[in-house]
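Chemist: My structure is below; once you've seen it, I'll send some questions.
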Amino acid sequence: MTLEEVVGCNVTDKKMETVSQALEELLAAAQRQDCLTVGVYESAKLMNVDPDSVVLCVLATDEEDEDDIALQIHFTLIQAFCCDNDINILRVSGLRRLAQVLGEPSTADSNANEPKDLHCILVTQNPQCQPFKCQALQDVGEYCEESRCKNQWVPCVSLQER
């Protein structure tokens with residue numbers, strides 16, 4: 001490994017950590033402002049009706065989801081739609097941490113309530129309300145744009161357990 005590769009890896013790791021923290025902040029803030037759509041089907045419905053309201057699409061999986069062909073087909077279609085409509089996309093691993101950030105149970109609770117489908121989450125803008133803006137959204141958006149410039153159309157981020 002060359003010095004450039006080692007330094008490049010450290011910079012990439014720090015950037016990834018910064019983006020994952022910004023994503024957590026963004027999702028928590030969007031949830032407080034009721035600007036989240038959670039679930040593959042709910043997200044698809046919203047994007048079909050009002051794609052201009054979507055500012056970020058988060059596609060989340062863990063290793064056990066990699067063999068789920070139906071989910072991968074949904075992701076492919078959602079990614080294509082987002083690219084066609086200039087919607088930033090981010091692939092995320094760490095569903096358990098994502099559930100923690102959103103205050104969702106990761107398994108069925110004692111009342112047999114199933115956990116929400118966190119595989120697809122949309123951050124939206126409500127035109128009737130004040131525009132949803134925060135530094136975290138800008139940071140995540142810049143990361144997505146930088147990744148596209150490097151020909152990585154769907155950048156990946158890993159959320160770490162805390």
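Letters A, B, ... go to the chains of the structure tokens in the order shown; residues in each chain start at 1; ligands are counted from 1 in the same order.
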Excluding Leu159 (chain A) and residues on its chain fewer than 3 positions from it, collect all residues at most 9 Å away from it, counting only C-alpha atoms, and give them as a PyMOL selection string.
Modeler: chain A and resi 17+20-21+23-24+92-98
Chemist: Please run DSSP on the backbone and report, as a list in words, all residues within region 17-160 of chain A that come out as strand (DSSP E or B).
Modeler: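 The strand (DSSP E or B) subset of region 17-160 of chain A is Leu36, Thr37, Val38, Val54, Val55, Leu56, Cys57, Val58, Leu59, Ala60, Thr61, Asn88, Ile89, Leu90, Arg91, Val92, Ser93, Cys120, Ile121, Leu122, Val123, Thr124, Cys156, Val157 and Ser158 of chain A.
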Chemist: Distance CA of Asp34 (chain A)-CA of Asp84 (chain A), one decimal place?
Modeler: 25.5 Å
Chemist: Report as a PyMOL selection string: the residues of region 9-67 of chain A with a DSSP assignment of alpha helix (DSSP H), based on the backbone of this structure.
Modeler: chain A and resi 9-32+40-49
Chemist: Please provide as a list in words all residues within 7 Å of Ile121 (chain A), with the sequence filter that same-chain residues fewer than 6 positions apart are discarded (counting only C-alpha atoms).
Modeler: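 Listed by chain and then number, they are Leu36, Thr37, Val38, Gly39, Ser43, Cys57, Val58 and Leu59 of chain A.
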Chemist: Find the residues near Leu122 (chain A): any atom within 12 Å, counting only C-alpha atoms, skip ones fewer than 3 places away on the same chain, and give them as an MDAnalysis selection string.
Modeler: chainID A and resid 26:27 30:31 34:47 50:60 78 82 87:90 118:119 125
Chemist: One decimal, in Å: what's the spacing between CA of Ala28 (chain A) and CA of Gln100 (chain A)?
Modeler: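 Between CA of Ala28 (chain A) and CA of Gln100 (chain A) the gap is 10.1 Å.
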Chemist: Go through A:Ser158, A:Asn151, A:Thr18, A:Gln72 one by one, measure the shortest atom-to-atom distance of each to Ala136 (chain A) using only C-alpha atoms, and give the residue with the smallest value.
Modeler: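 Comparing A:Ser158, A:Asn151, A:Thr18, A:Gln72 against Ala136 (chain A), the winner is A:Thr18.
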Chemist: Neighbours of Gln135 (chain A) within 10 Å (only C-alpha atoms; same-chain residues fewer than 5 positions away dropped), as number ranges by chain?
Modeler: A: 22, 25-26, 140-141
Chemist: Print the selection's residues with C-alpha atoms to a file, as a PDB file, in the first residue's frame.
Modeler:
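What ended up in out-v1.pdb:
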ATOM      1  CA  ALA A  22     -24.953  13.825   9.696  1.00  0.00           C
ATOM      2  CA  GLU A  25     -28.964  13.948  12.802  1.00  0.00           C
ATOM      3  CA  LEU A  26     -30.911  14.498   9.590  1.00  0.00           C
ATOM      4  CA  VAL A 140     -25.360  14.399   3.159  1.00  0.00           C
ATOM      5  CA  GLY A 141     -26.290  16.102  -0.125  1.00  0.00           C
TER       6      GLY A 141
END
